Structure formats: C-alpha cells, structure tokens
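Novice: Data: final29.cif, mmCIF, C-alpha atoms; chains and numbers go by the auth columns.
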```
data_upload
loop_
_atom_site.group_PDB
_atom_site.id
_atom_site.type_symbol
_atom_site.label_atom_id
_atom_site.label_comp_id
_atom_site.label_asym_id
_atom_site.label_seq_id
_atom_site.Cartn_x
_atom_site.Cartn_y
_atom_site.Cartn_z
_atom_site.B_iso_or_equiv
_atom_site.auth_seq_id
_atom_site.auth_asym_id
ATOM 1 C CA MET A 1 0.000 0.000 0.000 0.00 191 A
ATOM 2 C CA SER A 2 2.537 2.567 -1.161 0.00 192 A
ATOM 3 C CA ALA A 3 0.404 5.049 -3.145 0.00 193 A
ATOM 4 C CA LEU A 4 -0.898 7.926 -1.043 0.00 194 A
ATOM 5 C CA GLY A 5 -4.522 9.012 -1.040 0.00 195 A
ATOM 6 C CA PRO A 6 -7.861 7.233 -1.305 0.00 196 A
ATOM 7 C CA ALA A 7 -8.927 4.702 -3.926 0.00 197 A
ATOM 8 C CA MET A 8 -12.324 3.048 -4.277 0.00 198 A
ATOM 9 C CA VAL A 9 -14.491 0.886 -6.497 0.00 199 A
ATOM 10 C CA GLU A 10 -18.287 0.675 -6.164 0.00 200 A
ATOM 11 C CA ALA A 11 -20.596 -2.182 -7.087 0.00 201 A
ATOM 12 C CA ALA A 12 -24.386 -2.208 -7.319 0.00 202 A
ATOM 13 C CA PRO A 13 -25.902 -4.405 -4.598 0.00 203 A
ATOM 14 C CA SER A 14 -27.538 -7.584 -5.880 0.00 204 A
ATOM 15 C CA ALA A 15 -31.319 -7.540 -6.344 0.00 205 A
ATOM 16 C CA ALA A 16 -31.892 -9.496 -3.117 0.00 206 A
ATOM 17 C CA LEU A 17 -29.718 -7.057 -1.155 0.00 207 A
ATOM 18 C CA ARG A 18 -31.098 -3.834 -2.673 0.00 208 A
ATOM 19 C CA PRO A 19 -33.940 -3.337 -0.135 0.00 209 A
ATOM 20 C CA TYR A 20 -31.318 -3.365 2.621 0.00 210 A
ATOM 21 C CA VAL A 21 -28.145 -1.819 1.154 0.00 211 A
ATOM 22 C CA THR A 22 -27.813 1.412 -0.832 0.00 212 A
ATOM 23 C CA ARG A 23 -24.022 1.472 -1.270 0.00 213 A
ATOM 24 C CA LEU A 24 -21.293 -1.162 -1.540 0.00 214 A
ATOM 25 C CA CYS A 25 -17.744 0.126 -1.977 0.00 215 A
ATOM 26 C CA ALA A 26 -14.272 -1.439 -1.771 0.00 216 A
ATOM 27 C CA TYR A 27 -11.705 1.137 -0.686 0.00 217 A
ATOM 28 C CA ARG A 28 -8.130 1.786 0.364 0.00 218 A
ATOM 29 C CA GLU A 29 -6.778 4.826 2.224 0.00 219 A
ATOM 30 C CA HIS A 30 -3.186 5.818 2.898 0.00 220 A
ATOM 31 C CA TYR A 31 -2.034 9.336 3.818 0.00 221 A
ATOM 32 C CA ASP A 32 1.238 10.837 4.953 0.00 222 A
ATOM 33 C CA ALA A 33 -0.519 12.710 7.794 0.00 223 A
ATOM 34 C CA PRO A 34 -3.726 12.196 9.805 0.00 224 A
ATOM 35 C CA VAL A 35 -6.940 13.154 7.968 0.00 225 A
ATOM 36 C CA VAL A 36 -9.901 14.488 9.955 0.00 226 A
ATOM 37 C CA ARG A 37 -13.393 14.508 8.448 0.00 227 A
ATOM 38 C CA SER A 38 -16.901 15.441 9.585 0.00 228 A
ATOM 39 C CA GLU A 39 -19.178 12.662 8.343 0.00 229 A
ATOM 40 C CA THR A 40 -22.684 13.995 7.774 0.00 230 A
ATOM 41 C CA ALA A 41 -25.854 12.471 9.168 0.00 231 A
ATOM 42 C CA MET A 42 -27.581 10.323 6.553 0.00 232 A
ATOM 43 C CA PRO A 43 -30.745 8.236 6.217 0.00 233 A
ATOM 44 C CA GLY A 44 -28.822 4.994 6.661 0.00 234 A
ATOM 45 C CA ALA A 45 -26.318 3.173 8.862 0.00 235 A
ATOM 46 C CA VAL A 46 -22.669 2.946 7.818 0.00 236 A
ATOM 47 C CA LEU A 47 -20.978 -0.446 8.166 0.00 237 A
ATOM 48 C CA VAL A 48 -17.175 -0.416 7.775 0.00 238 A
ATOM 49 C CA LEU A 49 -15.640 -3.864 7.186 0.00 239 A
ATOM 50 C CA ALA A 50 -12.058 -2.667 7.511 0.00 240 A
ATOM 51 C CA PHE A 51 -8.651 -4.108 8.297 0.00 241 A
ATOM 52 C CA GLY A 52 -5.322 -2.380 8.729 0.00 242 A
ATOM 53 C CA ALA A 53 -4.582 0.564 10.990 0.00 243 A
ATOM 54 C CA PRO A 54 -7.349 1.594 13.393 0.00 244 A
ATOM 55 C CA MET A 55 -8.988 5.007 13.115 0.00 245 A
ATOM 56 C CA GLU A 56 -10.971 7.278 15.393 0.00 246 A
ATOM 57 C CA ALA A 57 -14.731 7.566 14.835 0.00 247 A
ATOM 58 C CA GLY A 58 -17.141 9.259 17.178 0.00 248 A
ATOM 59 C CA GLY A 59 -14.464 9.509 19.849 0.00 249 A
ATOM 60 C CA ARG A 60 -13.628 5.779 19.765 0.00 250 A
ATOM 61 C CA ARG A 61 -10.598 3.988 18.390 0.00 251 A
ATOM 62 C CA VAL A 62 -11.932 1.328 16.002 0.00 252 A
ATOM 63 C CA THR A 63 -11.039 -0.643 12.894 0.00 253 A
ATOM 64 C CA ALA A 64 -14.190 -2.443 11.712 0.00 254 A
ATOM 65 C CA PHE A 65 -17.273 -0.706 13.113 0.00 255 A
ATOM 66 C CA SER A 66 -20.878 0.326 12.652 0.00 256 A
ATOM 67 C CA GLY A 67 -23.780 1.841 14.547 0.00 257 A
ATOM 68 C CA GLY A 68 -27.190 3.281 13.919 0.00 258 A
ATOM 69 C CA LEU A 69 -28.661 6.368 12.342 0.00 259 A
ATOM 70 C CA GLY A 70 -27.863 9.713 13.893 0.00 260 A
ATOM 71 C CA ASP A 71 -29.116 13.278 14.102 0.00 261 A
ATOM 72 C CA ARG A 72 -25.667 14.893 14.138 0.00 262 A
ATOM 73 C CA PHE A 73 -22.390 14.711 12.255 0.00 263 A
ATOM 74 C CA THR A 74 -19.619 12.323 13.330 0.00 264 A
ATOM 75 C CA VAL A 75 -15.930 13.235 13.397 0.00 265 A
ATOM 76 C CA THR A 76 -13.458 10.645 12.072 0.00 266 A
ATOM 77 C CA ARG A 77 -9.660 10.691 12.068 0.00 267 A
ATOM 78 C CA THR A 78 -7.673 8.377 9.806 0.00 268 A
ATOM 79 C CA THR A 79 -4.117 7.905 11.006 0.00 269 A
ATOM 80 C CA GLY A 80 -2.692 4.948 9.056 0.00 270 A
ATOM 81 C CA PRO A 81 -3.172 2.754 5.998 0.00 271 A
ATOM 82 C CA CYS A 82 -6.367 0.723 5.927 0.00 272 A
ATOM 83 C CA GLU A 83 -8.677 -0.958 3.445 0.00 273 A
ATOM 84 C CA GLY A 84 -11.884 -2.931 3.314 0.00 274 A
ATOM 85 C CA VAL A 85 -15.498 -2.609 2.242 0.00 275 A
ATOM 86 C CA GLU A 86 -17.861 0.199 3.215 0.00 276 A
ATOM 87 C CA VAL A 87 -21.587 -0.547 3.221 0.00 277 A
ATOM 88 C CA VAL A 88 -24.485 1.870 3.657 0.00 278 A
ATOM 89 C CA LEU A 89 -27.443 -0.005 5.111 0.00 279 A
ATOM 90 C CA THR A 90 -31.051 1.096 5.061 0.00 280 A
ATOM 91 C CA PRO A 91 -32.526 1.279 8.578 0.00 281 A
ATOM 92 C CA PHE A 92 -34.240 -2.051 7.921 0.00 282 A
ATOM 93 C CA GLY A 93 -31.060 -3.659 6.635 0.00 283 A
ATOM 94 C CA ALA A 94 -29.348 -2.605 9.854 0.00 284 A
ATOM 95 C CA ARG A 95 -32.289 -3.794 11.968 0.00 285 A
ATOM 96 C CA ARG A 96 -32.194 -7.248 10.396 0.00 286 A
ATOM 97 C CA LEU A 97 -28.395 -7.484 10.279 0.00 287 A
ATOM 98 C CA TYR A 98 -27.831 -6.549 13.918 0.00 288 A
ATOM 99 C CA GLY A 99 -30.996 -8.069 15.356 0.00 289 A
ATOM 100 C CA VAL A 100 -31.484 -5.372 18.008 0.00 290 A
ATOM 101 C CA PRO A 101 -33.914 -2.440 18.212 0.00 291 A
ATOM 102 C CA MET A 102 -32.305 0.449 16.353 0.00 292 A
ATOM 103 C CA ARG A 103 -32.977 2.888 19.207 0.00 293 A
ATOM 104 C CA HIS A 104 -30.116 1.168 21.065 0.00 294 A
ATOM 105 C CA LEU A 105 -27.674 2.230 18.303 0.00 295 A
ATOM 106 C CA THR A 106 -28.704 5.849 17.656 0.00 296 A
ATOM 107 C CA ASN A 107 -25.698 8.191 17.365 0.00 297 A
ATOM 108 C CA LEU A 108 -23.321 5.390 18.394 0.00 298 A
ATOM 109 C CA VAL A 109 -20.127 4.012 16.859 0.00 299 A
ATOM 110 C CA LEU A 110 -19.416 0.456 18.021 0.00 300 A
ATOM 111 C CA PRO A 111 -16.708 -2.099 17.196 0.00 301 A
ATOM 112 C CA LEU A 112 -18.168 -4.653 14.828 0.00 302 A
ATOM 113 C CA GLY A 113 -17.600 -7.561 17.189 0.00 303 A
ATOM 114 C CA ASP A 114 -19.874 -5.883 19.745 0.00 304 A
ATOM 115 C CA LEU A 115 -22.712 -5.951 17.208 0.00 305 A
ATOM 116 C CA LEU A 116 -22.095 -9.146 15.250 0.00 306 A
ATOM 117 C CA GLY A 117 -20.000 -11.362 17.526 0.00 307 A
ATOM 118 C CA PRO A 118 -17.827 -14.094 15.923 0.00 308 A
ATOM 119 C CA TRP A 119 -19.484 -13.519 12.523 0.00 309 A
ATOM 120 C CA ALA A 120 -17.599 -10.223 12.282 0.00 310 A
ATOM 121 C CA ASP A 121 -14.179 -11.912 12.580 0.00 311 A
ATOM 122 C CA THR A 122 -15.141 -14.524 9.993 0.00 312 A
ATOM 123 C CA VAL A 123 -16.233 -11.883 7.479 0.00 313 A
ATOM 124 C CA LEU A 124 -13.153 -9.723 8.016 0.00 314 A
ATOM 125 C CA ASP A 125 -10.777 -12.698 7.657 0.00 315 A
ATOM 126 C CA ARG A 126 -12.449 -13.768 4.418 0.00 316 A
ATOM 127 C CA LEU A 127 -12.422 -10.266 2.958 0.00 317 A
ATOM 128 C CA ALA A 128 -8.766 -9.741 3.886 0.00 318 A
ATOM 129 C CA SER A 129 -7.785 -12.985 2.150 0.00 319 A
ATOM 130 C CA THR A 130 -9.620 -11.961 -1.054 0.00 320 A
ATOM 131 C CA PRO A 131 -7.253 -9.582 -2.861 0.00 321 A
ATOM 132 C CA SER A 132 -9.414 -8.830 -5.922 0.00 322 A
ATOM 133 C CA TRP A 133 -11.750 -5.902 -5.263 0.00 323 A
ATOM 134 C CA PRO A 134 -14.581 -7.208 -7.495 0.00 324 A
ATOM 135 C CA ASP A 135 -14.338 -10.589 -5.743 0.00 325 A
ATOM 136 C CA ARG A 136 -14.245 -8.835 -2.363 0.00 326 A
ATOM 137 C CA LEU A 137 -17.412 -6.892 -3.170 0.00 327 A
ATOM 138 C CA ALA A 138 -19.181 -10.022 -4.433 0.00 328 A
ATOM 139 C CA LEU A 139 -18.199 -11.859 -1.241 0.00 329 A
ATOM 140 C CA ALA A 140 -19.441 -9.022 0.971 0.00 330 A
ATOM 141 C CA ASP A 141 -22.714 -8.984 -0.973 0.00 331 A
ATOM 142 C CA ARG A 142 -23.255 -12.718 -0.491 0.00 332 A
ATOM 143 C CA LEU A 143 -22.339 -12.769 3.208 0.00 333 A
ATOM 144 C CA LEU A 144 -24.581 -9.792 3.957 0.00 334 A
ATOM 145 C CA ARG A 145 -27.485 -11.358 2.046 0.00 335 A
ATOM 146 C CA GLU A 146 -27.186 -14.550 4.087 0.00 336 A
ATOM 147 C CA ARG A 147 -26.950 -12.747 7.430 0.00 337 A
ATOM 148 C CA ILE A 148 -29.815 -10.328 6.714 0.00 338 A
ATOM 149 C CA ALA A 149 -32.068 -13.125 5.425 0.00 339 A
ATOM 150 C CA ALA A 150 -31.579 -14.899 8.755 0.00 340 A
ATOM 151 C CA GLY A 151 -32.436 -11.752 10.759 0.00 341 A
ATOM 152 C CA PRO A 152 -35.770 -10.824 12.296 0.00 342 A
ATOM 153 C CA SER A 153 -38.583 -10.179 9.844 0.00 343 A
ATOM 154 C CA LEU A 154 -40.296 -6.796 9.885 0.00 344 A
ATOM 155 C CA ARG A 155 -43.904 -5.765 9.436 0.00 345 A
ATOM 156 C CA PRO A 156 -44.562 -3.515 6.400 0.00 346 A
ATOM 157 C CA GLU A 157 -45.981 -0.398 8.077 0.00 347 A
ATOM 158 C CA VAL A 158 -42.758 1.388 9.070 0.00 348 A
ATOM 159 C CA PRO A 159 -40.970 0.604 5.764 0.00 349 A
ATOM 160 C CA TRP A 160 -44.043 2.036 4.015 0.00 350 A
ATOM 161 C CA ALA A 161 -43.898 5.216 6.104 0.00 351 A
ATOM 162 C CA TRP A 162 -40.128 5.465 5.571 0.00 352 A
ATOM 163 C CA ALA A 163 -40.649 5.219 1.797 0.00 353 A
ATOM 164 C CA ARG A 164 -43.173 8.084 1.965 0.00 354 A
ATOM 165 C CA LEU A 165 -40.615 10.232 3.808 0.00 355 A
ATOM 166 C CA LEU A 166 -37.946 9.451 1.209 0.00 356 A
ATOM 167 C CA GLU A 167 -40.286 10.139 -1.721 0.00 357 A
ATOM 168 C CA SER A 168 -41.292 13.514 -0.286 0.00 358 A
ATOM 169 C CA GLY A 169 -37.758 14.547 0.643 0.00 359 A
ATOM 170 C CA GLY A 170 -38.806 14.580 4.291 0.00 360 A
ATOM 171 C CA ARG A 171 -41.762 16.895 3.676 0.00 361 A
ATOM 172 C CA VAL A 172 -44.685 14.551 4.382 0.00 362 A
ATOM 173 C CA SER A 173 -46.088 15.396 7.816 0.00 363 A
ATOM 174 C CA VAL A 174 -46.077 13.005 10.741 0.00 364 A
ATOM 175 C CA SER A 175 -49.808 13.629 11.174 0.00 365 A
ATOM 176 C CA ARG A 176 -50.421 12.413 7.621 0.00 366 A
ATOM 177 C CA LEU A 177 -48.442 9.235 8.300 0.00 367 A
ATOM 178 C CA VAL A 178 -50.424 8.691 11.499 0.00 368 A
ATOM 179 C CA GLU A 179 -53.686 9.180 9.627 0.00 369 A
ATOM 180 C CA SER A 180 -52.698 6.861 6.767 0.00 370 A
ATOM 181 C CA LEU A 181 -51.608 4.065 9.100 0.00 371 A
ATOM 182 C CA GLY A 182 -54.457 4.441 11.572 0.00 372 A
ATOM 183 C CA TRP A 183 -51.993 4.528 14.463 0.00 373 A
ATOM 184 C CA SER A 184 -51.603 6.918 17.353 0.00 374 A
ATOM 185 C CA HIS A 185 -48.726 9.399 17.240 0.00 375 A
ATOM 186 C CA ARG A 186 -47.113 7.669 20.226 0.00 376 A
ATOM 187 C CA HIS A 187 -47.278 4.247 18.537 0.00 377 A
ATOM 188 C CA LEU A 188 -45.722 5.583 15.320 0.00 378 A
ATOM 189 C CA VAL A 189 -42.850 7.188 17.234 0.00 379 A
ATOM 190 C CA ALA A 190 -42.211 4.003 19.242 0.00 380 A
ATOM 191 C CA ARG A 191 -42.187 1.812 16.133 0.00 381 A
ATOM 192 C CA PHE A 192 -39.887 4.226 14.261 0.00 382 A
ATOM 193 C CA GLN A 193 -37.420 4.283 17.122 0.00 383 A
ATOM 194 C CA ASP A 194 -37.329 0.479 17.203 0.00 384 A
ATOM 195 C CA GLU A 195 -37.002 -0.060 13.438 0.00 385 A
ATOM 196 C CA VAL A 196 -35.284 3.151 12.268 0.00 386 A
ATOM 197 C CA GLY A 197 -33.610 4.507 15.390 0.00 387 A
ATOM 198 C CA LEU A 198 -34.994 8.036 15.052 0.00 388 A
ATOM 199 C CA PRO A 199 -38.468 9.480 15.609 0.00 389 A
ATOM 200 C CA PRO A 200 -40.213 10.213 12.296 0.00 390 A
ATOM 201 C CA LYS A 201 -39.832 13.998 12.618 0.00 391 A
ATOM 202 C CA THR A 202 -36.074 13.665 13.176 0.00 392 A
ATOM 203 C CA ALA A 203 -35.789 11.147 10.351 0.00 393 A
ATOM 204 C CA ALA A 204 -37.537 13.689 8.108 0.00 394 A
ATOM 205 C CA ARG A 205 -34.920 16.315 9.062 0.00 395 A
ATOM 206 C CA VAL A 206 -32.073 14.013 8.062 0.00 396 A
ATOM 207 C CA ILE A 207 -33.763 13.127 4.765 0.00 397 A
ATOM 208 C CA ARG A 208 -34.460 16.815 4.029 0.00 398 A
ATOM 209 C CA PHE A 209 -30.811 17.679 4.725 0.00 399 A
ATOM 210 C CA GLY A 210 -29.656 14.993 2.284 0.00 400 A
ATOM 211 C CA ARG A 211 -31.993 16.264 -0.429 0.00 401 A
ATOM 212 C CA ALA A 212 -30.936 19.866 0.128 0.00 402 A
ATOM 213 C CA THR A 213 -27.285 18.848 -0.149 0.00 403 A
ATOM 214 C CA ARG A 214 -27.899 17.106 -3.485 0.00 404 A
ATOM 215 C CA LEU A 215 -29.797 20.117 -4.858 0.00 405 A
ATOM 216 C CA LEU A 216 -27.037 22.506 -3.800 0.00 406 A
ATOM 217 C CA ARG A 217 -24.409 20.342 -5.486 0.00 407 A
ATOM 218 C CA SER A 218 -26.490 20.434 -8.668 0.00 408 A
ATOM 219 C CA GLY A 219 -26.039 24.232 -8.710 0.00 409 A
ATOM 220 C CA LEU A 220 -29.465 25.375 -7.472 0.00 410 A
ATOM 221 C CA SER A 221 -29.340 28.611 -5.490 0.00 411 A
ATOM 222 C CA ILE A 222 -29.409 28.537 -1.702 0.00 412 A
ATOM 223 C CA ALA A 223 -32.688 30.471 -1.563 0.00 413 A
ATOM 224 C CA SER A 224 -34.319 28.096 -4.068 0.00 414 A
ATOM 225 C CA VAL A 225 -33.161 25.048 -2.137 0.00 415 A
ATOM 226 C CA ALA A 226 -34.440 26.476 1.155 0.00 416 A
ATOM 227 C CA ALA A 227 -37.877 27.003 -0.380 0.00 417 A
ATOM 228 C CA GLU A 228 -37.926 23.700 -2.280 0.00 418 A
ATOM 229 C CA CYS A 229 -36.987 21.634 0.775 0.00 419 A
ATOM 230 C CA GLY A 230 -39.316 23.329 3.234 0.00 420 A
ATOM 231 C CA PHE A 231 -36.902 25.195 5.519 0.00 421 A
ATOM 232 C CA TYR A 232 -38.522 28.129 7.312 0.00 422 A
ATOM 233 C CA ASP A 233 -35.808 30.456 6.013 0.00 423 A
ATOM 234 C CA GLN A 234 -32.103 30.444 5.193 0.00 424 A
ATOM 235 C CA ALA A 235 -31.166 30.892 8.878 0.00 425 A
ATOM 236 C CA HIS A 236 -33.066 27.687 9.707 0.00 426 A
ATOM 237 C CA MET A 237 -31.301 25.936 6.834 0.00 427 A
ATOM 238 C CA ASN A 238 -27.909 27.119 8.101 0.00 428 A
ATOM 239 C CA ARG A 239 -28.602 25.796 11.604 0.00 429 A
ATOM 240 C CA GLU A 240 -29.625 22.384 10.267 0.00 430 A
ATOM 241 C CA PHE A 241 -26.509 22.158 8.096 0.00 431 A
ATOM 242 C CA ARG A 242 -24.305 22.956 11.098 0.00 432 A
ATOM 243 C CA VAL A 243 -25.905 20.295 13.293 0.00 433 A
ATOM 244 C CA LEU A 244 -26.257 17.542 10.694 0.00 434 A
ATOM 245 C CA GLY A 245 -23.181 18.176 8.568 0.00 435 A
ATOM 246 C CA ASP A 246 -20.751 20.546 10.320 0.00 436 A
ATOM 247 C CA THR A 247 -20.987 22.716 7.217 0.00 437 A
ATOM 248 C CA THR A 248 -22.996 25.511 5.606 0.00 438 A
ATOM 249 C CA PRO A 249 -25.005 25.599 2.381 0.00 439 A
ATOM 250 C CA GLY A 250 -22.455 28.014 0.946 0.00 440 A
ATOM 251 C CA GLN A 251 -19.644 25.515 1.494 0.00 441 A
ATOM 252 C CA ILE A 252 -21.525 22.834 -0.431 0.00 442 A
ATOM 253 C CA ARG A 253 -22.874 24.774 -3.409 0.00 443 A
ATOM 254 C CA PRO A 254 -20.333 24.883 -6.288 0.00 444 A
ATOM 255 C CA ARG A 255 -18.658 28.246 -6.704 0.00 445 A
ATOM 256 C CA PRO A 256 -19.380 29.925 -10.050 0.00 446 A
ATOM 257 C CA PRO A 257 -16.337 30.148 -12.322 0.00 447 A
ATOM 258 C CA ALA A 258 -14.453 33.417 -12.075 0.00 448 A
ATOM 259 C CA ALA A 259 -15.328 35.854 -14.836 0.00 449 A
ATOM 260 C CA HIS A 260 -12.478 36.737 -17.174 0.00 450 A
ATOM 261 C CA PRO A 261 -11.836 40.500 -17.300 0.00 451 A
ATOM 262 C CA ALA A 262 -12.482 42.175 -20.602 0.00 452 A
ATOM 263 C CA SER A 263 -9.365 42.819 -22.640 0.00 453 A
#
```
Give the structure from this file in structure tokens form.
Specialist:
Amino acid sequence: MSALGPAMVEAAPSAALRPYVTRLCAYREHYDAPVVRSETAMPGAVLVLAFGAPMEAGGRRVTAFSGGLGDRFTVTRTTGPCEGVEVVLTPFGARRLYGVPMRHLTNLVLPLGDLLGPWADTVLDRLASTPSWPDRLALADRLLRERIAAGPSLRPEVPWAWARLLESGGRVSVSRLVESLGWSHRHLVARFQDEVGLPPKTAARVIRFGRATRLLRSGLSIASVAAECGFYDQAHMNREFRVLGDTTPGQIRPRPPAAHPAS
C-alpha cells in the first residue's frame, strides 16, 4: 500500500440485497498525515468492514465498526493505511443485520464484534484474504445477504412510512403518516425508534438535509433550495446544516467560475 490518497471501487448491490443496502464500496486509504473529516448524518447506517490501521470515529478507536442512524455529524480521524469494504445499510437492513432495536444504536459508533459477535471476525478474515476488489465486493454482498435473510422479519408499516418520507424529501407530515396508518402518534414514534432509530420527525430532518445537499451540489441557489426543501428560512437551513453536517449551504454549493476581465 505505497500510493498515497484514497482509492475506491463501487458495485451495485444484488437484487436481493437492494432493499437493505444502498451502497457497496471497496476502498483503500493511505495518507502521509492524519486526515480528519466530519461525516454527515444520513438516512442509513454505515458499516465499515475494515482491516489495517485503526482510526478514530465518534471519539472511539476502532477498525471495523458500525452503529445506527444519527441526528448529528460524526468526526473521524484516519491515522494509518487501511482498506476494506464500506456498506451503507437502510434502517431495515441494519435492523435485520444486527438483530437489536435500532434505538439502542442511535448516534453510536461500536466495534463490529460488539454488534455481530464471531461472525464479524469470519467476514473480516475472508475479505482480507480476497485480494481482488470485485471478488471482495461479491463476497461481501453474499455474506450480507445470508446474514440479513436470517435476521428478524419486519412488518410492512414502518418501511411504508419510511418510503413516503424518502419520496417527499422529508416533507410529508407526521400527522399524515399517522392518519394513513391508523396509528396513534405515540405508537408511530415508538415503532420508528425500534425499526429506524430516530423518531419520524427527526428522520424527516435528516432526509431533508440529504436532499438539500444534493440540490445545492447540482447548482441550485441557496434560496431556491431552502424554499424547495421546506426550511422556514435560510437561517433555519444554516442551523440544520451545522448540526447535521458541520458545514454551511455556501460551502456545499459549487462556486461559479471566475469571470475573465475584458481585454
């Protein structure tokens, strides 16, 4: 691992894994000095199947790790060469993979062995002994499919409500979800915290932040994004970006190219 910098290759999850995994990426990182990042909150759980030098994530020293969804950014610090496979799980992929209510994992970073026991060591050993990145990704896909299929089954109501939040960019109201499901507000919140890890209103904030970030990167103006995504005003948008991403809308939106002075 002599070349400095990051390298990565992505693969589309298999059809059977797609309801549970949104990203599957083999990667390698090696820098000549520590690299500190603020990892934004996202509508999914990050699973890092890594080997090599440990890193710091959420104030813990870890190598392979995961956790649940969060409502704040997480600081990571990479200090040495490492590689592996990064997976972004849907809330329901994480719920079935880990087999525990997701409210126990909210805003946490945990060593993988704490969540998956001996299975974690088996997976890491097999990935480390598979040098080809395409083969490594295919292996991770198959092992995750098997583990998730053996996890607890879920009723359809919360995945349905989660899909409505995603489709609306976090703008569908909790009261509308309650009305559609015929549940009480308290029951919806309890079920979301068990299966997603966040209350529905907080989950909507994270989804809205992700949509706003994508729109800003596409070049849409900050004012247009604030209106499109349902922020009260630009000050509200700024506060959300600070809490969820340790950034501002202006830092995300591409800068316009400098105008050339007339000759």
Novice: Please, what distance in Å, to one decimal, runs between atom CA of A:Ala353 and atom CA of A:Gly234?
Specialist: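 Between atom CA of A:Ala353 and atom CA of A:Gly234 the gap works out to 12.8 Å.
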Novice: Between A:Thr320, A:Thr268, A:Thr296, A:Thr212, which is the closest to A:Thr280 once you count all atoms listed in the file?
Specialist: A:Thr212
Novice: Return as a list in words the set of residues that the PyMOL selection byres ((chain A and resi 290) around 12) yields on the displayed structure.
Specialist: Gly257, Gly258, Pro281, Phe282, Gly283, Ala284, Arg285, Arg286, Leu287, Tyr288, Gly289, Pro291, Met292, Arg293, His294, Leu295, Thr296, Asp304, Leu305, Leu306, Gly341, Pro342, Ser343, Gln383, Asp384, Glu385, Val386 and Gly387 of chain A
Novice: The PyMOL selection byres ((chain A and resi 419-425) around 12) on the file shown: which residues, as a PDB file with C-alpha atoms, in the coordinates of the input?
Specialist:
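Produced file expr-v4.pdb, reproduced below:
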```pdb
ATOM      1  CA  SER A 358     -41.292  13.514  -0.286  1.00  0.00           C
ATOM      2  CA  GLY A 359     -37.758  14.547   0.643  1.00  0.00           C
ATOM      3  CA  GLY A 360     -38.806  14.580   4.291  1.00  0.00           C
ATOM      4  CA  ARG A 361     -41.762  16.895   3.676  1.00  0.00           C
ATOM      5  CA  VAL A 362     -44.685  14.551   4.382  1.00  0.00           C
ATOM      6  CA  SER A 363     -46.088  15.396   7.816  1.00  0.00           C
ATOM      7  CA  ALA A 394     -37.537  13.689   8.108  1.00  0.00           C
ATOM      8  CA  ARG A 395     -34.920  16.315   9.062  1.00  0.00           C
ATOM      9  CA  VAL A 396     -32.073  14.013   8.062  1.00  0.00           C
ATOM     10  CA  ILE A 397     -33.763  13.127   4.765  1.00  0.00           C
ATOM     11  CA  ARG A 398     -34.460  16.815   4.029  1.00  0.00           C
ATOM     12  CA  PHE A 399     -30.811  17.679   4.725  1.00  0.00           C
ATOM     13  CA  GLY A 400     -29.656  14.993   2.284  1.00  0.00           C
ATOM     14  CA  ARG A 401     -31.993  16.264  -0.429  1.00  0.00           C
ATOM     15  CA  ALA A 402     -30.936  19.866   0.128  1.00  0.00           C
ATOM     16  CA  THR A 403     -27.285  18.848  -0.149  1.00  0.00           C
ATOM     17  CA  ARG A 404     -27.899  17.106  -3.485  1.00  0.00           C
ATOM     18  CA  LEU A 405     -29.797  20.117  -4.858  1.00  0.00           C
ATOM     19  CA  LEU A 406     -27.037  22.506  -3.800  1.00  0.00           C
ATOM     20  CA  LEU A 410     -29.465  25.375  -7.472  1.00  0.00           C
ATOM     21  CA  SER A 411     -29.340  28.611  -5.490  1.00  0.00           C
ATOM     22  CA  ILE A 412     -29.409  28.537  -1.702  1.00  0.00           C
ATOM     23  CA  ALA A 413     -32.688  30.471  -1.563  1.00  0.00           C
ATOM     24  CA  SER A 414     -34.319  28.096  -4.068  1.00  0.00           C
ATOM     25  CA  VAL A 415     -33.161  25.048  -2.137  1.00  0.00           C
ATOM     26  CA  ALA A 416     -34.440  26.476   1.155  1.00  0.00           C
ATOM     27  CA  ALA A 417     -37.877  27.003  -0.380  1.00  0.00           C
ATOM     28  CA  GLU A 418     -37.926  23.700  -2.280  1.00  0.00           C
ATOM     29  CA  HIS A 426     -33.066  27.687   9.707  1.00  0.00           C
ATOM     30  CA  MET A 427     -31.301  25.936   6.834  1.00  0.00           C
ATOM     31  CA  ASN A 428     -27.909  27.119   8.101  1.00  0.00           C
ATOM     32  CA  ARG A 429     -28.602  25.796  11.604  1.00  0.00           C
ATOM     33  CA  GLU A 430     -29.625  22.384  10.267  1.00  0.00           C
ATOM     34  CA  PHE A 431     -26.509  22.158   8.096  1.00  0.00           C
ATOM     35  CA  ARG A 432     -24.305  22.956  11.098  1.00  0.00           C
ATOM     36  CA  THR A 438     -22.996  25.511   5.606  1.00  0.00           C
ATOM     37  CA  PRO A 439     -25.005  25.599   2.381  1.00  0.00           C
ATOM     38  CA  GLY A 440     -22.455  28.014   0.946  1.00  0.00           C
TER      39      GLY A 440
END
```
Novice: Identify all residues satisfying the PyMOL selection byres ((chain A and resi 206) around 10) in the given file; provide them as a list in words.
Specialist: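 Those residues are Pro203, Ser204, Ala205, Leu207, Arg208, Pro209, Tyr210, Val211, Asp331, Arg332, Arg335, Glu336 and Ala339 of chain A.
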Novice: Quick one, how far is atom CA of A:Leu334 from atom CA of A:Val252?
Specialist: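 Atom CA of A:Val252 lies 20.7 Å from atom CA of A:Leu334.
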Novice: Which residues are close to A:Leu317, i.e. within 8 Å by all atoms listed in the file, leaving aside same-chain residues fewer than 2 positions away? Reply as a CSV table (one decimal) with C-alpha atoms, keeping the file's coordinate frame.
Specialist:
```csv
chain,number,residue,atom,x,y,z
A,274,GLY,CA,-11.9,-2.9,3.3
A,313,VAL,CA,-16.2,-11.9,7.5
A,314,LEU,CA,-13.2,-9.7,8.0
A,315,ASP,CA,-10.8,-12.7,7.7
A,319,SER,CA,-7.8,-13.0,2.2
A,320,THR,CA,-9.6,-12.0,-1.1
A,321,PRO,CA,-7.3,-9.6,-2.9
A,326,ARG,CA,-14.2,-8.8,-2.4
A,329,LEU,CA,-18.2,-11.9,-1.2
A,330,ALA,CA,-19.4,-9.0,1.0
```
Novice: Determine, counting all atoms listed in the file, which protein, DNA and RNA residues have an atom within 7 Å of an atom of A:Leu237; residues of the same chain fewer than 3 positions away are not included. Present the result as a PyMOL selection string.
Specialist: chain A and resi 255-256+276-278
Novice: Which one is closest to A:Gly303: A:Glu229, A:Ala254, A:Arg407, A:Leu371? Count all atoms listed in the file.
Specialist: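 Smallest distance to A:Gly303 is found for A:Ala254.
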Novice: Determine, counting only C-alpha atoms, which protein, DNA and RNA residues have an atom within 8 Å of an atom of A:Arg262; residues of the same chain fewer than 6 positions away are not included. Present the result as a list in words.
Specialist: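 In the requested format, the answer is Thr230, Ala231, Asn297, Val433, Leu434 and Gly435 of chain A.
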Novice: Could the residues in this selection be saved with C-alpha atoms as a PDB file, in the coordinates of the input?
Specialist:
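Result file follows (out.pdb):
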```pdb
ATOM      1  CA  THR A 230     -22.684  13.995   7.774  1.00  0.00           C
ATOM      2  CA  ALA A 231     -25.854  12.471   9.168  1.00  0.00           C
ATOM      3  CA  ASN A 297     -25.698   8.191  17.365  1.00  0.00           C
ATOM      4  CA  VAL A 433     -25.905  20.295  13.293  1.00  0.00           C
ATOM      5  CA  LEU A 434     -26.257  17.542  10.694  1.00  0.00           C
ATOM      6  CA  GLY A 435     -23.181  18.176   8.568  1.00  0.00           C
TER       7      GLY A 435
END
```
